[in-house]
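Novice: One structure coming up, written as structure tokens, with questions to follow.
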Amino acid sequence: MIAATAAEWTRKDLTAIEELSPSEIGAVFAQADVFKPLLESREKLVSLHGQTLVNLFLEPSTRTRTAFEVSAKRLGADVISISGNASSLVKGETLRDTALNIRALNADMIVMRHSAAGAAAYLARVLDIPVINAGDGAHAHPTQALLDAYTLRERFGVGPGRGIEGRRVTILGDILFSRVARSNIHCLTKLGVRVTLAGPPTLVPGTFAMFPGVRVVHDLNVALEGADAVMLLRIQHERQTTTHFPSLGEYTSMFGLNRERMGLLAPHAIIMHPGPINRGVEVESEIADDPARSVILAQVNNGIAVRMGVLHLCAHRSRRQPEQ
Ligand code: CP
């Protein structure tokens, strides 16, 4: 993978992984590599000094919202957080008007989470300032996929005989309603990872196999056999309007990750989860907390450096015309 330099990054916005080339993903990783060692010092940088970032979260969030706030502050920005029920959206204002008013209040960047697929891309067209998608419905969660791939790259190293290209990653759980899964499918396959999607057929339809580099497996023993990493997903009850399996207990017995099933993985395999975890449902608690195998909190921590990289690149994008 040839990494684009920061000088080659031309994007104002980050709304979906689909639009990124492998070299642009590499540019985010390279920028995160610059910032990550600086996090220890707790010093503020000046990359976004004098700028105001608005965190517009119209769905709940713990990790993403906090990580963007921490990242922007570490880069020297002022941060204002607006949540859905505390904004005038509840009085009938449109998203466009809300955004234009935030812009009129001198915002320099907007990070948005919204329940509607495509909301961030829409806002990116409306506004002349960077818009970063922090999750739009079941469509995309690009910075989650970037931090997941960054964590895999960190664990498997870089250089000849190392790296993530050719690795086998199994994404297990509610794929149908997961923006994390969709963004990871795009991100990981662009980086040459072999992706297996696993879970009940109602939540992992065979049509996902149309993505190049992706296979769909409903037999969990097959899906886990020899995998280098397992990315667990919770059941997204908030997006489901009907039941997709008989009961949570039956889901856990068929598709939950337990000690016995861990034995199917490659000996060096790591356990990932974007959070929030539903302990005892998609994963046994002791596996989620296993310091030798679980990288769940490392993912959260890497979310700072990766989001600092994204904010820095979008704020200091090159104004040259992108190649056609
Ligand atoms: N992974 C993730 O998006 O978590 P939050 O919903 O807490 O932001």
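Scheme for the structure tokens: letters A, B, ... for chains in order shown; per-chain residue numbers from 1; ligand numbers from 1 in order shown.
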Mind the document's chain letters and residue numbers, and return as a VMD selection string the residues of region 93-310 of chain A that DSSP labels alpha helix (DSSP H).

Specialist: chain A and resid 95 to 104 119 to 126 142 to 156 179 to 190 220 to 224 248 to 255 259 to 262 285 to 288 296 to 310

Novice: Which residues, written as a tab-separated table (two decimals) with N, CA and C atoms, in the first residue's frame, have at least one atom at most 10 Å from Val46 (chain A), with only C-alpha atoms counted and residues fewer than 3 positions away on the same chain left out?

Specialist:
chain	number	residue	atom	x	y	z
A	43	GLU	N	0.22	17.18	26.01
A	43	GLU	CA	0.32	18.57	25.54
A	43	GLU	C	-0.68	18.84	24.43
A	49	HIS	N	-5.69	25.19	16.14
A	49	HIS	CA	-5.77	26.36	17.04
A	49	HIS	C	-6.64	27.45	16.40
A	50	GLY	N	-7.55	27.99	17.18
A	50	GLY	CA	-8.42	29.07	16.68
A	50	GLY	C	-9.65	28.57	15.95
A	51	GLN	N	-9.76	27.24	15.78
A	51	GLN	CA	-10.92	26.68	15.08
A	51	GLN	C	-11.96	26.15	16.09
A	73	LYS	N	-9.72	18.72	20.85
A	73	LYS	CA	-9.09	19.55	21.89
A	73	LYS	C	-7.57	19.35	21.89
A	74	ARG	N	-7.12	18.11	21.69
A	74	ARG	CA	-5.67	17.87	21.62
A	74	ARG	C	-5.03	18.59	20.46
A	75	LEU	N	-5.82	18.81	19.40
A	75	LEU	CA	-5.31	19.54	18.24
A	75	LEU	C	-5.47	21.05	18.40
A	76	GLY	N	-5.99	21.48	19.55
A	76	GLY	CA	-6.05	22.91	19.85
A	76	GLY	C	-7.36	23.58	19.53
A	77	ALA	N	-8.38	22.81	19.10
A	77	ALA	CA	-9.67	23.42	18.74
A	77	ALA	C	-10.53	23.66	19.97

Novice: Show me which residues sit within 9 Å of ligand 1 when counting only C-alpha atoms and all ligand atoms, and put them as a PyMOL selection string.

Specialist: chain A and resi 59-67+113+134-135+141+143-144+180+273-276+300

Novice: Atoms to include: N, CA and C atoms. Write the selected residues as a compact mmCIF listing (two decimals), in the first residue's frame.

Specialist:
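Heads up, here's the output in result-v4.txt:
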# COMPACT_ATOMS: atom_id res chain seq x y z
N GLU A 59 -27.89 10.92 17.82
CA GLU A 59 -28.11 9.56 18.36
C GLU A 59 -27.14 9.40 19.53
N PRO A 60 -27.43 8.48 20.46
CA PRO A 60 -26.52 8.32 21.61
C PRO A 60 -25.11 7.88 21.20
N SER A 61 -24.15 8.24 22.00
CA SER A 61 -22.76 7.82 21.77
C SER A 61 -21.96 8.04 23.04
N THR A 62 -21.07 7.12 23.34
CA THR A 62 -20.08 7.33 24.40
C THR A 62 -18.69 7.50 23.78
N ARG A 63 -18.23 6.45 23.05
CA ARG A 63 -16.87 6.43 22.53
C ARG A 63 -16.62 7.46 21.43
N THR A 64 -17.46 7.48 20.41
CA THR A 64 -17.18 8.31 19.24
C THR A 64 -17.23 9.79 19.60
N ARG A 65 -18.26 10.16 20.30
CA ARG A 65 -18.42 11.57 20.67
C ARG A 65 -17.26 12.05 21.55
N THR A 66 -16.92 11.23 22.56
CA THR A 66 -15.83 11.62 23.46
C THR A 66 -14.50 11.64 22.72
N ALA A 67 -14.28 10.65 21.87
CA ALA A 67 -13.00 10.59 21.14
C ALA A 67 -12.84 11.79 20.22
N ARG A 113 -23.47 12.63 14.02
CA ARG A 113 -24.12 11.30 14.06
C ARG A 113 -25.60 11.51 13.86
N ALA A 134 -19.97 10.59 11.87
CA ALA A 134 -19.74 9.81 13.09
C ALA A 134 -20.77 8.68 13.21
N GLY A 135 -21.38 8.31 12.07
CA GLY A 135 -22.38 7.24 12.03
C GLY A 135 -23.69 7.76 11.48
N HIS A 141 -19.86 4.14 9.27
CA HIS A 141 -19.19 4.66 10.48
C HIS A 141 -17.70 4.66 10.13
N THR A 143 -14.92 6.42 10.68
CA THR A 143 -13.77 6.50 11.60
C THR A 143 -13.66 5.25 12.48
N GLN A 144 -14.79 4.55 12.71
CA GLN A 144 -14.71 3.29 13.45
C GLN A 144 -13.93 2.26 12.62
N VAL A 180 -21.04 -0.26 11.31
CA VAL A 180 -19.65 -0.63 11.56
C VAL A 180 -19.24 -1.75 10.60
N HIS A 273 -14.19 -5.47 19.25
CA HIS A 273 -15.61 -5.10 19.41
C HIS A 273 -15.67 -3.58 19.36
N PRO A 274 -16.57 -2.99 18.56
CA PRO A 274 -16.62 -1.52 18.51
C PRO A 274 -17.24 -0.91 19.75
N GLY A 275 -17.94 -1.73 20.56
CA GLY A 275 -18.68 -1.23 21.70
C GLY A 275 -19.97 -0.57 21.23
N PRO A 276 -20.96 -0.45 22.09
CA PRO A 276 -21.00 -1.00 23.44
C PRO A 276 -21.18 -2.53 23.42
N VAL A 300 -10.53 1.60 21.35
CA VAL A 300 -11.06 2.89 21.82
C VAL A 300 -9.94 3.93 21.87

Novice: Excluding Tyr122 (chain A) and any residue of its chain fewer than 3 positions from it, enumerate the residues within 10 Å of it, using only C-alpha atoms, and give them as a ChimeraX atom specification.

Specialist: /A:15,95-96,117-119,125-127,131

Novice: Name the residues in contact with region 86-89 of chain A at a cut-off of 10 Å, using only C-alpha atoms, excluding same-chain residues fewer than 4 positions from it; report them as a list in words.

Specialist: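 So, after excluding close chain neighbours, the residues are Leu56, Phe57, Leu58, Ser81, Ile82, Glu93, Thr94, Leu95, Asp97 and Thr98 of chain A.
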
Novice: Have a look at A:Asn184, A:Thr196, A:Asn258, A:Gln236 and name the one nearest to Arg167 (chain A); count only C-alpha atoms.

Specialist: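 Closest residue, counting only C-alpha atoms: A:Thr196.
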
Novice: Extract, using only C-alpha atoms, all DNA, RNA and protein residues at most 7 Å from Thr52 (chain A), discarding same-chain residues fewer than 3 positions from it, and format them as a PDB file with all heavy atoms, in the first residue's frame.

Specialist:
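Writing the result to around_38.pdb gives the following:
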ATOM      1  N   ALA A  77      -8.379  22.809  19.103  1.00  0.00           N
ATOM      2  CA  ALA A  77      -9.670  23.417  18.737  1.00  0.00           C
ATOM      3  C   ALA A  77     -10.532  23.664  19.974  1.00  0.00           C
ATOM      4  O   ALA A  77     -10.357  23.045  21.019  1.00  0.00           O
ATOM      5  CB  ALA A  77     -10.416  22.490  17.769  1.00  0.00           C
ATOM      6  N   ASP A  78     -11.485  24.570  19.812  1.00  0.00           N
ATOM      7  CA  ASP A  78     -12.587  24.671  20.773  1.00  0.00           C
ATOM      8  C   ASP A  78     -13.675  23.710  20.296  1.00  0.00           C
ATOM      9  O   ASP A  78     -13.892  23.556  19.095  1.00  0.00           O
ATOM     10  CB  ASP A  78     -13.143  26.101  20.809  1.00  0.00           C
ATOM     11  CG  ASP A  78     -12.105  27.096  21.328  1.00  0.00           C
ATOM     12  OD1 ASP A  78     -11.424  26.757  22.312  1.00  0.00           O
ATOM     13  OD2 ASP A  78     -11.968  28.173  20.730  1.00  0.00           O
ATOM     14  N   VAL A  79     -14.361  23.078  21.254  1.00  0.00           N
ATOM     15  CA  VAL A  79     -15.371  22.081  20.893  1.00  0.00           C
ATOM     16  C   VAL A  79     -16.705  22.431  21.538  1.00  0.00           C
ATOM     17  O   VAL A  79     -16.760  22.737  22.738  1.00  0.00           O
ATOM     18  CB  VAL A  79     -14.949  20.657  21.329  1.00  0.00           C
ATOM     19  CG1 VAL A  79     -16.025  19.637  20.979  1.00  0.00           C
ATOM     20  CG2 VAL A  79     -13.625  20.279  20.683  1.00  0.00           C
ATOM     21  N   ALA A 107     -18.711  28.020  13.150  1.00  0.00           N
ATOM     22  CA  ALA A 107     -18.134  26.674  13.252  1.00  0.00           C
ATOM     23  C   ALA A 107     -17.184  26.463  12.073  1.00  0.00           C
ATOM     24  O   ALA A 107     -17.443  26.919  10.954  1.00  0.00           O
ATOM     25  CB  ALA A 107     -19.231  25.621  13.219  1.00  0.00           C
ATOM     26  N   ASP A 108     -16.076  25.768  12.330  1.00  0.00           N
ATOM     27  CA  ASP A 108     -15.101  25.475  11.268  1.00  0.00           C
ATOM     28  C   ASP A 108     -15.175  24.022  10.807  1.00  0.00           C
ATOM     29  O   ASP A 108     -14.656  23.686   9.744  1.00  0.00           O
ATOM     30  CB  ASP A 108     -13.689  25.776  11.778  1.00  0.00           C
ATOM     31  CG  ASP A 108     -13.517  27.244  12.115  1.00  0.00           C
ATOM     32  OD1 ASP A 108     -13.574  28.069  11.189  1.00  0.00           O
ATOM     33  OD2 ASP A 108     -13.373  27.568  13.319  1.00  0.00           O
ATOM     34  N   MET A 109     -15.780  23.143  11.630  1.00  0.00           N
ATOM     35  CA  MET A 109     -15.936  21.728  11.264  1.00  0.00           C
ATOM     36  C   MET A 109     -17.169  21.199  11.984  1.00  0.00           C
ATOM     37  O   MET A 109     -17.472  21.660  13.092  1.00  0.00           O
ATOM     38  CB  MET A 109     -14.741  20.867  11.713  1.00  0.00           C
ATOM     39  CG  MET A 109     -13.417  21.270  11.164  1.00  0.00           C
ATOM     40  SD  MET A 109     -12.130  20.134  11.758  1.00  0.00           S
ATOM     41  CE  MET A 109     -11.962  19.062  10.360  1.00  0.00           C
TER      42      MET A 109
END

Novice: List the spatial neighbours of Ile132 (chain A) as a PyMOL selection string - criterion: any atom at most 8 Å away, only C-alpha atoms, same-chain residues fewer than 6 positions off excluded.

Specialist: chain A and resi 13-15+109-112+120

Novice: Need to verify the contact set: Phe255 (chain A), 10 Å, only C-alpha atoms, exclusion of same-chain residues closer than 6 positions in sequence. Can you return it as a list of chain:residue names?

Specialist: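 Contacts, with the query itself left out: A:Leu172, A:Gly173, A:Ala198, A:Gly199, A:Pro200, A:His218, A:Asp219, A:Leu220, A:Asn221, A:Gly249, A:Arg261, A:Val281, A:Glu282, A:Val283.
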
Novice: Those residues with all heavy atoms, as a short mmCIF file (atom, residue, chain, number, x, y, z; two decimals), in the first residue's frame please?

Specialist:
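Printed below is again-v6.cif as written:
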data_model
loop_
_atom_site.label_atom_id
_atom_site.label_comp_id
_atom_site.auth_asym_id
_atom_site.auth_seq_id
_atom_site.Cartn_x
_atom_site.Cartn_y
_atom_site.Cartn_z
N LEU A 172 -18.71 -11.01 13.21
CA LEU A 172 -19.73 -11.92 13.72
C LEU A 172 -20.85 -11.16 14.41
O LEU A 172 -20.59 -10.39 15.34
CB LEU A 172 -19.07 -12.91 14.71
CG LEU A 172 -19.99 -13.80 15.55
CD1 LEU A 172 -20.87 -14.68 14.67
CD2 LEU A 172 -19.16 -14.66 16.50
N GLY A 173 -22.08 -11.38 13.95
CA GLY A 173 -23.23 -10.81 14.66
C GLY A 173 -24.24 -10.19 13.72
O GLY A 173 -24.52 -10.72 12.64
N ALA A 198 -20.38 -13.62 9.54
CA ALA A 198 -21.03 -14.76 10.17
C ALA A 198 -22.13 -14.31 11.11
O ALA A 198 -22.06 -13.23 11.71
CB ALA A 198 -19.99 -15.59 10.94
N GLY A 199 -23.14 -15.17 11.24
CA GLY A 199 -24.27 -14.88 12.12
C GLY A 199 -25.49 -15.59 11.56
O GLY A 199 -25.40 -16.34 10.57
N PRO A 200 -26.65 -15.36 12.15
CA PRO A 200 -27.86 -16.02 11.64
C PRO A 200 -28.21 -15.51 10.24
O PRO A 200 -27.98 -14.34 9.94
CB PRO A 200 -28.93 -15.62 12.65
CG PRO A 200 -28.36 -14.55 13.50
CD PRO A 200 -26.88 -14.55 13.34
N HIS A 218 -22.71 -19.24 7.62
CA HIS A 218 -23.68 -19.31 8.72
C HIS A 218 -23.32 -20.37 9.76
O HIS A 218 -23.91 -20.41 10.82
CB HIS A 218 -25.09 -19.53 8.16
CG HIS A 218 -25.53 -18.40 7.28
ND1 HIS A 218 -25.90 -18.56 5.97
CD2 HIS A 218 -25.60 -17.06 7.52
CE1 HIS A 218 -26.20 -17.38 5.45
NE2 HIS A 218 -26.02 -16.46 6.36
N ASP A 219 -22.34 -21.22 9.43
CA ASP A 219 -21.85 -22.21 10.38
C ASP A 219 -20.70 -21.57 11.16
O ASP A 219 -19.63 -21.30 10.60
CB ASP A 219 -21.37 -23.45 9.61
CG ASP A 219 -20.85 -24.54 10.54
OD1 ASP A 219 -20.45 -24.22 11.69
OD2 ASP A 219 -20.83 -25.71 10.12
N LEU A 220 -20.90 -21.32 12.44
CA LEU A 220 -19.91 -20.57 13.21
C LEU A 220 -18.58 -21.30 13.30
O LEU A 220 -17.52 -20.67 13.31
CB LEU A 220 -20.47 -20.27 14.61
CG LEU A 220 -19.65 -19.29 15.45
CD1 LEU A 220 -19.40 -17.99 14.71
CD2 LEU A 220 -20.35 -19.02 16.77
N ASN A 221 -18.61 -22.63 13.36
CA ASN A 221 -17.35 -23.38 13.43
C ASN A 221 -16.49 -23.11 12.21
O ASN A 221 -15.27 -22.95 12.31
CB ASN A 221 -17.62 -24.89 13.56
CG ASN A 221 -18.23 -25.23 14.91
OD1 ASN A 221 -18.10 -24.47 15.86
ND2 ASN A 221 -18.91 -26.36 14.98
N GLY A 249 -31.17 -15.79 24.37
CA GLY A 249 -30.49 -16.99 24.86
C GLY A 249 -30.14 -17.93 23.71
O GLY A 249 -29.04 -18.49 23.67
N ARG A 261 -15.30 -21.99 21.64
CA ARG A 261 -15.20 -21.51 20.25
C ARG A 261 -13.90 -20.75 20.02
O ARG A 261 -13.39 -20.71 18.89
CB ARG A 261 -16.42 -20.64 19.92
CG ARG A 261 -17.68 -21.48 19.78
CD ARG A 261 -18.94 -20.68 19.66
NE ARG A 261 -20.07 -21.59 19.47
CZ ARG A 261 -21.32 -21.31 19.78
NH1 ARG A 261 -21.64 -20.13 20.29
NH2 ARG A 261 -22.27 -22.19 19.58
N VAL A 281 -23.97 -11.91 25.93
CA VAL A 281 -24.81 -12.14 24.74
C VAL A 281 -23.89 -12.51 23.57
O VAL A 281 -23.76 -13.69 23.23
CB VAL A 281 -25.69 -10.91 24.41
CG1 VAL A 281 -26.54 -11.19 23.15
CG2 VAL A 281 -26.57 -10.56 25.59
N GLU A 282 -23.21 -11.50 22.97
CA GLU A 282 -22.34 -11.82 21.82
C GLU A 282 -20.96 -12.32 22.27
O GLU A 282 -20.23 -12.89 21.46
CB GLU A 282 -22.20 -10.63 20.86
CG GLU A 282 -21.48 -9.42 21.41
CD GLU A 282 -22.44 -8.40 22.04
OE1 GLU A 282 -23.58 -8.80 22.34
OE2 GLU A 282 -22.05 -7.23 22.23
N VAL A 283 -20.61 -12.09 23.54
CA VAL A 283 -19.29 -12.52 24.01
C VAL A 283 -19.36 -12.77 25.51
O VAL A 283 -20.02 -12.04 26.25
CB VAL A 283 -18.22 -11.47 23.67
CG1 VAL A 283 -18.51 -10.12 24.32
CG2 VAL A 283 -16.82 -11.95 24.02
#

Novice: Using only C-alpha atoms, which of the listed residues (A:Ala140, A:Arg293, A:Thr252, A:Ile164) sits closest to His186 (chain A)?

Specialist: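 Smallest separation from His186 (chain A) among the options: A:Ala140.
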
Novice: Take CA of Gly256 (chain A) and CA of Leu233 (chain A) and report the distance between them in Å, one decimal.

Specialist: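 Result for CA of Gly256 (chain A) versus CA of Leu233 (chain A): 10.1 Å, one decimal.
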
Novice: For Gln31 (chain A), which residue out of A:Gly137, A:Gly84, A:Gly309, A:Gly263 is the nearest one, using only C-alpha atoms?

Specialist: A:Gly309

Novice: Taking the DSSP secondary structure from the backbone, can you list the residues of region 12-137 of chain A that are strand (DSSP E), as a list of chain:residue names?

Specialist: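 Answer for region 12-137 of chain A, restricted to strand (DSSP E): A:Thr52, A:Leu53, A:Val54, A:Asn55, A:Leu56, A:Phe57, A:Asp78, A:Val79, A:Ile80, A:Ser81, A:Ile82, A:Ser83, A:Met109, A:Ile110, A:Val111, A:Met112, A:Arg113, A:His114, A:Val131, A:Ile132, A:Asn133, A:Ala134, A:Gly135, A:Asp136.
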
Novice: Next, the residues of the selection above should be written as a PDB file, in the first residue's frame with N, CA and C atoms.

Specialist:
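In the end it all went to out.pdb:
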ATOM      1  N   THR A  52     -13.206  26.129  15.637  1.00  0.00           N
ATOM      2  CA  THR A  52     -14.288  25.594  16.476  1.00  0.00           C
ATOM      3  C   THR A  52     -14.884  24.371  15.791  1.00  0.00           C
ATOM      4  N   LEU A  53     -14.901  23.254  16.511  1.00  0.00           N
ATOM      5  CA  LEU A  53     -15.527  22.026  16.013  1.00  0.00           C
ATOM      6  C   LEU A  53     -16.848  21.822  16.744  1.00  0.00           C
ATOM      7  N   VAL A  54     -17.902  21.561  15.985  1.00  0.00           N
ATOM      8  CA  VAL A  54     -19.201  21.269  16.593  1.00  0.00           C
ATOM      9  C   VAL A  54     -19.474  19.778  16.475  1.00  0.00           C
ATOM     10  N   ASN A  55     -19.697  19.151  17.615  1.00  0.00           N
ATOM     11  CA  ASN A  55     -20.069  17.736  17.703  1.00  0.00           C
ATOM     12  C   ASN A  55     -21.596  17.681  17.709  1.00  0.00           C
ATOM     13  N   LEU A  56     -22.204  17.344  16.588  1.00  0.00           N
ATOM     14  CA  LEU A  56     -23.665  17.328  16.487  1.00  0.00           C
ATOM     15  C   LEU A  56     -24.121  15.868  16.537  1.00  0.00           C
ATOM     16  N   PHE A  57     -24.511  15.421  17.722  1.00  0.00           N
ATOM     17  CA  PHE A  57     -24.856  14.002  17.904  1.00  0.00           C
ATOM     18  C   PHE A  57     -26.354  13.868  18.122  1.00  0.00           C
ATOM     19  N   ASP A  78     -11.485  24.570  19.812  1.00  0.00           N
ATOM     20  CA  ASP A  78     -12.587  24.671  20.773  1.00  0.00           C
ATOM     21  C   ASP A  78     -13.675  23.710  20.296  1.00  0.00           C
ATOM     22  N   VAL A  79     -14.361  23.078  21.254  1.00  0.00           N
ATOM     23  CA  VAL A  79     -15.371  22.081  20.893  1.00  0.00           C
ATOM     24  C   VAL A  79     -16.705  22.431  21.538  1.00  0.00           C
ATOM     25  N   ILE A  80     -17.760  22.400  20.723  1.00  0.00           N
ATOM     26  CA  ILE A  80     -19.118  22.604  21.241  1.00  0.00           C
ATOM     27  C   ILE A  80     -19.911  21.349  20.914  1.00  0.00           C
ATOM     28  N   SER A  81     -20.582  20.797  21.923  1.00  0.00           N
ATOM     29  CA  SER A  81     -21.367  19.582  21.708  1.00  0.00           C
ATOM     30  C   SER A  81     -22.850  19.902  21.725  1.00  0.00           C
ATOM     31  N   ILE A  82     -23.557  19.395  20.728  1.00  0.00           N
ATOM     32  CA  ILE A  82     -25.012  19.574  20.646  1.00  0.00           C
ATOM     33  C   ILE A  82     -25.631  18.188  20.529  1.00  0.00           C
ATOM     34  N   SER A  83     -26.615  17.902  21.375  1.00  0.00           N
ATOM     35  CA  SER A  83     -27.294  16.607  21.264  1.00  0.00           C
ATOM     36  C   SER A  83     -28.710  16.821  20.737  1.00  0.00           C
ATOM     37  N   MET A 109     -15.780  23.143  11.630  1.00  0.00           N
ATOM     38  CA  MET A 109     -15.936  21.728  11.264  1.00  0.00           C
ATOM     39  C   MET A 109     -17.169  21.199  11.984  1.00  0.00           C
ATOM     40  N   ILE A 110     -17.845  20.237  11.357  1.00  0.00           N
ATOM     41  CA  ILE A 110     -18.953  19.573  12.042  1.00  0.00           C
ATOM     42  C   ILE A 110     -18.716  18.057  12.019  1.00  0.00           C
ATOM     43  N   VAL A 111     -18.845  17.442  13.174  1.00  0.00           N
ATOM     44  CA  VAL A 111     -18.865  15.983  13.287  1.00  0.00           C
ATOM     45  C   VAL A 111     -20.302  15.608  13.597  1.00  0.00           C
ATOM     46  N   MET A 112     -20.891  14.746  12.788  1.00  0.00           N
ATOM     47  CA  MET A 112     -22.324  14.470  12.992  1.00  0.00           C
ATOM     48  C   MET A 112     -22.636  12.972  13.056  1.00  0.00           C
ATOM     49  N   ARG A 113     -23.471  12.625  14.019  1.00  0.00           N
ATOM     50  CA  ARG A 113     -24.116  11.295  14.057  1.00  0.00           C
ATOM     51  C   ARG A 113     -25.601  11.514  13.857  1.00  0.00           C
ATOM     52  N   HIS A 114     -26.186  10.721  12.960  1.00  0.00           N
ATOM     53  CA  HIS A 114     -27.597  10.896  12.602  1.00  0.00           C
ATOM     54  C   HIS A 114     -28.211   9.523  12.321  1.00  0.00           C
ATOM     55  N   VAL A 131     -17.203  18.167   7.000  1.00  0.00           N
ATOM     56  CA  VAL A 131     -18.222  17.377   7.705  1.00  0.00           C
ATOM     57  C   VAL A 131     -17.671  15.960   7.853  1.00  0.00           C
ATOM     58  N   ILE A 132     -17.624  15.479   9.078  1.00  0.00           N
ATOM     59  CA  ILE A 132     -17.130  14.126   9.347  1.00  0.00           C
ATOM     60  C   ILE A 132     -18.309  13.289   9.838  1.00  0.00           C
ATOM     61  N   ASN A 133     -18.492  12.143   9.205  1.00  0.00           N
ATOM     62  CA  ASN A 133     -19.593  11.241   9.560  1.00  0.00           C
ATOM     63  C   ASN A 133     -19.212  10.413  10.790  1.00  0.00           C
ATOM     64  N   ALA A 134     -19.970  10.589  11.868  1.00  0.00           N
ATOM     65  CA  ALA A 134     -19.740   9.810  13.092  1.00  0.00           C
ATOM     66  C   ALA A 134     -20.768   8.683  13.206  1.00  0.00           C
ATOM     67  N   GLY A 135     -21.378   8.310  12.070  1.00  0.00           N
ATOM     68  CA  GLY A 135     -22.377   7.241  12.035  1.00  0.00           C
ATOM     69  C   GLY A 135     -23.687   7.759  11.478  1.00  0.00           C
ATOM     70  N   ASP A 136     -24.137   7.182  10.350  1.00  0.00           N
ATOM     71  CA  ASP A 136     -25.421   7.581   9.753  1.00  0.00           C
ATOM     72  C   ASP A 136     -26.280   6.347   9.524  1.00  0.00           C
TER      73      ASP A 136
END
